[in-house]
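So this block is model-v4.cif, mmCIF, C-alpha atoms and all ligand atoms:
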data_work
#
loop_
_atom_site.label_atom_id
_atom_site.label_comp_id
_atom_site.auth_asym_id
_atom_site.auth_seq_id
_atom_site.Cartn_x
_atom_site.Cartn_y
_atom_site.Cartn_z
CA MET A 187 47.69 112.03 -114.24
CA ILE A 188 46.45 113.80 -117.33
CA HIS A 189 44.43 116.99 -117.59
CA ALA A 190 42.98 117.29 -121.09
CA LYS A 191 41.68 120.86 -121.09
CA GLY A 192 38.60 121.65 -123.15
CA ILE A 193 38.81 118.35 -125.02
CA LEU A 194 35.01 117.88 -125.24
CA SER A 195 33.23 120.17 -127.71
CA ARG A 196 30.22 122.19 -126.58
CA ASP A 197 27.94 119.87 -128.59
CA LEU A 198 29.40 116.80 -126.93
CA GLN A 199 29.03 118.44 -123.51
CA LEU A 200 25.36 119.16 -124.24
CA GLU A 201 24.83 115.60 -125.39
CA ILE A 202 26.38 114.20 -122.18
CA LEU A 203 24.31 116.64 -120.13
CA GLU A 204 21.12 115.39 -121.77
CA LEU A 205 22.13 111.79 -121.05
CA THR A 206 22.70 112.59 -117.37
CA ARG A 207 19.25 114.20 -117.19
CA ASN A 208 17.67 111.01 -118.50
CA ILE A 209 19.68 108.90 -116.08
CA ALA A 210 18.53 111.07 -113.16
CA LEU A 211 14.89 110.56 -114.17
CA ARG A 212 15.24 106.79 -113.68
CA SER A 213 18.00 106.77 -111.05
CA PRO A 214 17.40 109.98 -109.04
CA THR A 215 20.24 111.85 -107.40
CA PHE A 216 20.52 111.58 -103.62
CA ILE A 217 22.76 113.06 -100.95
CA PRO A 218 24.86 110.25 -99.47
CA THR A 219 25.64 110.06 -95.75
CA THR A 220 29.16 109.18 -94.65
CA PRO A 221 29.75 106.29 -92.22
CA ASN A 222 30.14 109.02 -89.51
CA GLY A 223 26.63 110.24 -90.20
CA ASN A 224 27.56 113.44 -92.05
CA LYS A 225 25.88 114.40 -95.29
CA LEU A 226 28.08 114.90 -98.35
CA ASN A 227 28.02 118.37 -99.88
CA CYS A 228 27.08 117.01 -103.26
CA GLU A 229 24.25 115.05 -104.88
CA MET A 230 25.06 111.76 -106.57
CA THR A 231 23.70 109.02 -108.74
CA SER A 232 25.25 106.40 -111.00
CA CYS A 233 24.68 104.45 -114.16
CA GLY A 234 26.11 101.17 -115.33
CA LYS A 235 26.28 97.73 -113.76
CA TYR A 236 27.29 99.20 -110.41
CA GLY A 237 26.65 102.41 -108.53
CA TRP A 238 28.63 103.94 -105.71
CA VAL A 239 26.77 104.40 -102.42
CA SER A 240 27.67 105.56 -98.95
CA ASP A 241 25.74 105.21 -95.71
CA ARG A 242 26.41 104.30 -92.10
CA PHE A 243 27.59 100.86 -93.24
CA GLY A 244 30.37 102.38 -95.34
CA TYR A 245 31.33 103.13 -98.92
CA ARG A 246 30.66 100.49 -101.55
CA TYR A 247 29.28 99.56 -104.93
CA THR A 248 25.81 98.08 -105.27
CA GLU A 249 23.80 96.79 -108.20
CA ILE A 250 20.64 98.59 -107.10
CA HIS A 251 19.78 102.21 -106.41
CA PRO A 252 19.41 102.73 -102.64
CA GLN A 253 16.07 104.57 -102.92
CA THR A 254 14.28 103.12 -105.93
CA LYS A 255 15.62 99.59 -105.19
CA GLU A 256 15.83 99.19 -108.96
CA LYS A 257 18.90 98.37 -111.02
CA TRP A 258 20.99 101.39 -111.98
CA THR A 259 20.22 102.83 -115.41
CA GLU A 260 22.48 101.26 -118.04
CA MET A 261 25.49 103.27 -119.10
CA PRO A 262 24.83 105.15 -122.36
CA GLU A 263 26.98 103.98 -125.25
CA LEU A 264 28.45 107.46 -125.73
CA ILE A 265 29.78 107.59 -122.15
CA SER A 266 31.17 104.09 -122.34
CA SER A 267 32.88 104.65 -125.69
CA LEU A 268 34.37 107.97 -124.55
CA ALA A 269 35.75 106.23 -121.45
CA LYS A 270 37.31 103.47 -123.56
CA THR A 271 38.85 106.04 -125.88
CA PHE A 272 40.37 107.98 -122.98
CA ALA A 273 41.56 104.77 -121.31
CA SER A 274 43.37 103.80 -124.51
CA MET A 275 45.18 107.17 -124.35
CA VAL A 276 46.84 105.87 -121.19
CA ASP A 277 47.52 102.46 -122.76
CA GLU A 278 44.59 100.69 -121.10
CA TYR A 279 43.15 98.83 -124.07
CA ASP A 280 41.03 96.30 -122.13
CA TYR A 281 39.21 98.90 -120.07
CA VAL A 282 35.65 97.87 -119.07
CA PRO A 283 33.52 100.89 -118.06
CA GLU A 284 31.33 99.33 -115.35
CA THR A 285 30.06 102.39 -113.58
CA CYS A 286 29.76 106.12 -114.04
CA LEU A 287 29.31 108.14 -110.88
CA ILE A 288 27.52 111.41 -111.50
CA ASN A 289 28.14 114.17 -108.96
CA TYR A 290 26.13 117.37 -108.95
CA TYR A 291 27.56 120.32 -107.02
CA LYS A 292 25.46 123.39 -106.28
CA LYS A 293 27.38 126.64 -105.89
CA THR A 294 28.33 125.77 -102.29
CA GLY A 295 29.13 122.15 -103.15
CA LYS A 296 32.46 120.55 -102.28
CA LEU A 297 34.01 117.15 -101.70
CA GLY A 298 36.64 116.39 -99.06
CA LEU A 299 40.04 114.92 -99.84
CA HIS A 300 39.71 111.18 -100.49
CA GLN A 301 41.12 108.26 -102.45
CA ASP A 302 39.01 106.30 -104.93
CA ASN A 303 39.49 102.89 -103.36
CA SER A 304 36.03 101.26 -103.21
CA GLU A 305 36.78 99.38 -106.46
CA PHE A 306 37.84 95.72 -106.21
CA ASN A 307 40.43 96.36 -108.90
CA LEU A 308 42.46 99.45 -108.06
CA LYS A 309 44.50 99.42 -111.27
CA PRO A 310 42.18 100.66 -114.08
CA ALA A 311 42.08 104.41 -114.67
CA ILE A 312 39.48 106.81 -113.30
CA ILE A 313 38.19 108.97 -116.15
CA SER A 314 36.60 112.24 -115.01
CA ILE A 315 34.49 114.58 -117.14
CA SER A 316 33.62 118.10 -115.98
CA LEU A 317 30.50 119.99 -117.10
CA GLY A 318 29.20 123.38 -116.01
CA ASP A 319 30.78 125.78 -113.53
CA ASP A 320 34.52 125.82 -112.86
CA ALA A 321 35.83 123.90 -109.88
CA THR A 322 39.00 124.10 -107.84
CA PHE A 323 40.18 120.50 -107.82
CA LEU A 324 42.73 119.44 -105.21
CA VAL A 325 45.14 116.63 -105.96
CA GLY A 326 47.94 115.39 -103.75
CA GLY A 327 49.80 112.10 -103.51
CA ASN A 328 49.27 108.65 -102.06
CA LYS A 329 49.25 109.96 -98.48
CA ARG A 330 46.58 112.21 -97.05
CA ASN A 331 49.23 114.66 -95.79
CA ASP A 332 51.10 114.96 -99.09
CA VAL A 333 51.24 118.44 -100.57
CA VAL A 334 48.18 119.16 -102.71
CA GLN A 335 48.05 121.25 -105.84
CA GLU A 336 45.02 123.22 -106.98
CA ILE A 337 43.84 122.64 -110.53
CA LEU A 338 41.02 124.53 -112.22
CA LEU A 339 38.62 122.08 -113.83
CA ARG A 340 36.39 123.67 -116.46
CA SER A 341 33.47 122.51 -118.56
CA GLY A 342 34.67 120.10 -121.24
CA ASP A 343 37.84 119.07 -119.39
CA VAL A 344 38.76 115.42 -118.90
CA PHE A 345 41.01 114.43 -116.01
CA ILE A 346 42.53 110.96 -115.76
CA LEU A 347 43.99 109.38 -112.65
CA TYR A 348 45.96 106.32 -113.76
CA GLY A 349 49.10 104.34 -113.07
CA GLU A 350 51.06 105.95 -110.25
CA SER A 351 48.39 108.63 -109.73
CA ARG A 352 45.45 106.16 -109.60
CA LEU A 353 45.21 106.37 -105.81
CA TYR A 354 46.18 110.00 -105.33
CA PHE A 355 44.09 111.86 -102.75
CA HIS A 356 41.82 114.39 -104.42
CA GLY A 357 38.76 116.52 -103.73
CA ILE A 358 36.78 119.57 -104.74
CA LYS A 359 37.63 122.70 -102.74
CA LYS A 360 35.08 125.02 -104.29
CA ILE A 361 32.83 125.78 -107.20
CA ALA A 362 33.05 129.14 -108.96
CA PRO A 363 29.37 130.08 -109.51
CA ASN A 364 28.18 131.49 -112.84
CA THR A 365 31.35 130.63 -114.75
CA SER A 366 29.52 128.48 -117.32
CA ASP A 367 26.13 128.70 -118.99
CA LEU A 368 25.98 124.99 -119.84
CA LEU A 369 23.67 124.06 -116.95
CA LYS A 370 20.51 126.18 -116.96
CA ASN A 371 20.35 126.38 -113.18
CA GLY A 372 24.11 126.66 -112.68
CA GLY A 373 26.36 124.39 -110.66
CA ARG A 374 28.71 121.67 -111.80
CA LEU A 375 28.35 118.08 -112.94
CA ASN A 376 31.18 115.61 -112.76
CA LEU A 377 31.09 112.15 -114.29
CA THR A 378 33.68 109.59 -113.19
CA ILE A 379 33.85 106.39 -115.12
CA ARG A 380 35.46 103.39 -113.46
CA GLN A 381 36.10 99.72 -113.94
CA VAL A 382 35.10 98.08 -110.66
CA LYS A 383 36.27 94.45 -111.01
C1 LIG A 401 35.13 112.52 -107.24
O1 LIG A 401 36.25 112.47 -106.77
O2 LIG A 401 34.28 111.63 -107.04
C2 LIG A 401 34.69 113.69 -108.07
C3 LIG A 401 35.74 114.67 -108.42
C4 LIG A 401 35.18 115.83 -109.19
O3 LIG A 401 34.05 116.26 -108.93
O4 LIG A 401 35.88 116.36 -110.08
MN MN A 402 37.06 110.57 -106.19
#

Can I see the file as structure tokens?
Amino acid sequence: MIHAKGILSRDLQLEILELTRNIALRSPTFIPTTPNGNKLNCEMTSCGKYGWVSDRFGYRYTEIHPQTKEKWTEMPELISSLAKTFASMVDEYDYVPETCLINYYKKTGKLGLHQDNSEFNLKPAIISISLGDDATFLVGGNKRNDVVQEILLRSGDVFILYGESRLYFHGIKKIAPNTSDLLKNGGRLNLTIRQVK
């Protein structure tokens, strides 16, 4: 795994933030329910060919937004080209950014330990962009019970899970409120770009 700290300039962060706002206008954020019927502690939406959804039927990718029943908003060129650039840093030159999951965490937001394994192709890297308040990110190994380390993810950081780390368990333990002024109303945005097929 790679943690590129502060690699995105403030201007680039603001540009990505603006893009996510426009995406949310067409593909609104929603709070997914897990197959057990619990609500996630985070709002989500997606852009690109596919979007990640979760409900009582399980976790999966769909080509339409679960509420609007419309296609997901297309992935902005900037997000797709950044993802390809970061993928090439880990020697993935044929990377196809097919979806970008956008998570919004309020100050009490969190995300339990999980593996990213809804993709049909589990090899291509997961490229994660952090914006807004700091987060304590947990990352372990391939088994749920493996020791986890805590990593502080800050606005402008890019984190890449690839190769051996592609399926490492990870999650968000907590958000540190008021640690960034990027988002007017506070909280944290995370964008994860993935190749699905
Ligand atoms: C995720 O695992 O889907 C998001 C991780 C993060 O918010 O940094
Ligand atoms: Mn994940």

| message | Residues near A:Thr294, anyone? I mean within 10 Å using all atoms listed in the file, not counting same-chain ones fewer than 2 positions away, as a PyMOL selection string. | response | chain A and resi 227-228+291-292+296+359-363+373

| query | To one decimal place, how far is atom CA of A:Arg330 from atom CA of A:Tyr236 in Å? | reply |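 Straight-line distance from atom CA of A:Arg330 to atom CA of A:Tyr236 works out to 26.8 Å.
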
| said: As a quick test: using all atoms listed in the file, which residues lie no more than 12 Å away from ligand MN 402 (chain A)? Give them as number ranges by chain. | reply: A: 238, 245, 286-289, 296-305, 311-315, 323-325, 345-347, 352-358, 376-380

| query | Which polymer residues have any atom within 7 Å of an atom of A:Leu339, counting all atoms listed in the file, with same-chain residues fewer than 5 positions away left out, as a ChimeraX atom specification? | reply | /A:316,320-323

| Atom-to-atom span, atom CA of A:Ser351 and atom CA of A:Ser240, Å |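 Between these atoms lies a distance of 23.6 Å.
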
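When all atoms listed in the file are used to measure the gap to ligand LIG 401 (chain A), the shortest distance among A:Asp332, A:Asp197, A:Glu256, A:Asp343 belongs to A:Asp343.
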
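The coordinates place atom CA of A:Tyr281 at 24.4 Å from atom CA of A:Ser213.
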
| note | In terms of all atoms listed in the file, the residue from A:Gly234, A:Gly318, A:Pro252, A:Gly295 at minimal distance from A:Lys370 is A:Gly318

| Taking into account all atoms listed in the file, which residue in the set A:Asn328, A:Ser232, A:Thr259, A:Ser266 is nearest to A:Tyr290? |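 So, comparing all the options, the nearest one is A:Ser232.
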
| Taking into account all atoms listed in the file, which residue in the set A:Gln253, A:Val239, A:Gly372, A:Phe306 is nearest to ligand LIG 401 (chain A)? | A:Val239

| task | Determine, counting only C-alpha atoms, which protein, DNA and RNA residues have an atom within 12 Å of an atom of A:Asp367; residues of the same chain fewer than 6 positions away are not included. Present the result as an MDAnalysis selection string. | result | chainID A and resid 196 199:200 317:320 340:341 373:374

| query | Looking at all atoms listed in the file, which of A:Thr231, A:Lys329, A:Leu194, A:Leu268 is the one that sits closest to ligand LIG 401 (chain A)? | reply |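 Ranking A:Thr231, A:Lys329, A:Leu194, A:Leu268 by distance to ligand LIG 401 (chain A), first place goes to A:Thr231.
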
| task | Go through A:Leu338, A:Val276, A:Leu368, A:Val382 one by one, measure the shortest atom-to-atom distance of each to ligand LIG 401 (chain A) using only C-alpha atoms and all ligand atoms, and give the residue with the smallest value. | result |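 Using only C-alpha atoms and all ligand atoms, ligand LIG 401 (chain A) sits closest to A:Leu338.
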
Is it possible to produce a file of stretch 268-288 of chain A from this structure, with N, CA, C and O atoms, as an mmCIF file, in the first residue's frame?
data_model
loop_
_atom_site.group_PDB
_atom_site.id
_atom_site.type_symbol
_atom_site.label_atom_id
_atom_site.label_comp_id
_atom_site.auth_asym_id
_atom_site.auth_seq_id
_atom_site.Cartn_x
_atom_site.Cartn_y
_atom_site.Cartn_z
ATOM 1 N N LEU A 268 -6.698 11.481 -12.913
ATOM 2 C CA LEU A 268 -5.905 11.351 -11.677
ATOM 3 C C LEU A 268 -5.756 9.874 -11.305
ATOM 4 O O LEU A 268 -4.673 9.423 -10.938
ATOM 5 N N ALA A 269 -6.866 9.130 -11.419
ATOM 6 C CA ALA A 269 -6.826 7.702 -11.056
ATOM 7 C C ALA A 269 -5.828 6.954 -11.939
ATOM 8 O O ALA A 269 -5.038 6.143 -11.453
ATOM 9 N N LYS A 270 -5.842 7.269 -13.246
ATOM 10 C CA LYS A 270 -4.909 6.577 -14.151
ATOM 11 C C LYS A 270 -3.463 6.935 -13.812
ATOM 12 O O LYS A 270 -2.581 6.092 -13.855
ATOM 13 N N THR A 271 -3.252 8.205 -13.469
ATOM 14 C CA THR A 271 -1.893 8.620 -13.093
ATOM 15 C C THR A 271 -1.425 7.864 -11.851
ATOM 16 O O THR A 271 -0.310 7.340 -11.814
ATOM 17 N N PHE A 272 -2.295 7.794 -10.835
ATOM 18 C CA PHE A 272 -1.889 7.101 -9.605
ATOM 19 C C PHE A 272 -1.731 5.604 -9.847
ATOM 20 O O PHE A 272 -0.836 4.974 -9.282
ATOM 21 N N ALA A 273 -2.582 5.037 -10.712
ATOM 22 C CA ALA A 273 -2.451 3.605 -11.012
ATOM 23 C C ALA A 273 -1.104 3.330 -11.686
ATOM 24 O O ALA A 273 -0.449 2.327 -11.395
ATOM 25 N N SER A 274 -0.676 4.262 -12.548
ATOM 26 C CA SER A 274 0.602 4.027 -13.231
ATOM 27 C C SER A 274 1.766 4.098 -12.233
ATOM 28 O O SER A 274 2.797 3.471 -12.427
ATOM 29 N N MET A 275 1.570 4.814 -11.117
ATOM 30 C CA MET A 275 2.616 4.849 -10.083
ATOM 31 C C MET A 275 2.835 3.484 -9.459
ATOM 32 O O MET A 275 3.879 3.221 -8.866
ATOM 33 N N VAL A 276 1.815 2.608 -9.559
ATOM 34 C CA VAL A 276 1.985 1.251 -9.022
ATOM 35 C C VAL A 276 2.039 0.250 -10.189
ATOM 36 O O VAL A 276 1.617 -0.906 -10.052
ATOM 37 N N ASP A 277 2.515 0.756 -11.320
ATOM 38 C CA ASP A 277 2.757 -0.084 -12.507
ATOM 39 C C ASP A 277 1.498 -0.682 -13.113
ATOM 40 O O ASP A 277 1.552 -1.735 -13.734
ATOM 41 N N GLU A 278 0.350 -0.024 -12.916
ATOM 42 C CA GLU A 278 -0.876 -0.500 -13.571
ATOM 43 C C GLU A 278 -1.177 0.474 -14.707
ATOM 44 O O GLU A 278 -1.832 1.496 -14.509
ATOM 45 N N TYR A 279 -0.670 0.133 -15.887
ATOM 46 C CA TYR A 279 -0.754 1.065 -17.022
ATOM 47 C C TYR A 279 -2.044 0.919 -17.828
ATOM 48 O O TYR A 279 -2.365 1.767 -18.632
ATOM 49 N N ASP A 280 -2.782 -0.189 -17.610
ATOM 50 C CA ASP A 280 -4.030 -0.403 -18.372
ATOM 51 C C ASP A 280 -5.254 -0.150 -17.501
ATOM 52 O O ASP A 280 -6.339 -0.656 -17.778
ATOM 53 N N TYR A 281 -5.073 0.583 -16.454
ATOM 54 C CA TYR A 281 -6.150 0.809 -15.483
ATOM 55 C C TYR A 281 -7.353 1.500 -16.129
ATOM 56 O O TYR A 281 -7.216 2.502 -16.821
ATOM 57 N N VAL A 282 -8.556 0.954 -15.904
ATOM 58 C CA VAL A 282 -9.787 1.558 -16.444
ATOM 59 C C VAL A 282 -10.649 2.022 -15.266
ATOM 60 O O VAL A 282 -11.269 1.202 -14.578
ATOM 61 N N PRO A 283 -10.696 3.330 -14.983
ATOM 62 C CA PRO A 283 -11.513 3.813 -13.867
ATOM 63 C C PRO A 283 -12.998 3.686 -14.227
ATOM 64 O O PRO A 283 -13.490 4.451 -15.050
ATOM 65 N N GLU A 284 -13.680 2.714 -13.636
ATOM 66 C CA GLU A 284 -15.075 2.461 -14.024
ATOM 67 C C GLU A 284 -16.077 3.002 -13.013
ATOM 68 O O GLU A 284 -17.253 3.152 -13.335
ATOM 69 N N THR A 285 -15.600 3.236 -11.815
ATOM 70 C CA THR A 285 -16.511 3.801 -10.818
ATOM 71 C C THR A 285 -15.731 4.603 -9.795
ATOM 72 O O THR A 285 -14.562 4.310 -9.524
ATOM 73 N N CYS A 286 -16.377 5.619 -9.264
ATOM 74 C CA CYS A 286 -15.797 6.363 -8.147
ATOM 75 C C CYS A 286 -16.876 6.431 -7.080
ATOM 76 O O CYS A 286 -17.944 7.007 -7.297
ATOM 77 N N LEU A 287 -16.604 5.785 -5.959
ATOM 78 C CA LEU A 287 -17.529 5.808 -4.830
ATOM 79 C C LEU A 287 -17.199 7.039 -3.997
ATOM 80 O O LEU A 287 -16.030 7.296 -3.701
ATOM 81 N N ILE A 288 -18.223 7.807 -3.689
ATOM 82 C CA ILE A 288 -18.022 9.028 -2.910
ATOM 83 C C ILE A 288 -18.691 8.835 -1.549
ATOM 84 O O ILE A 288 -19.908 8.636 -1.476
#
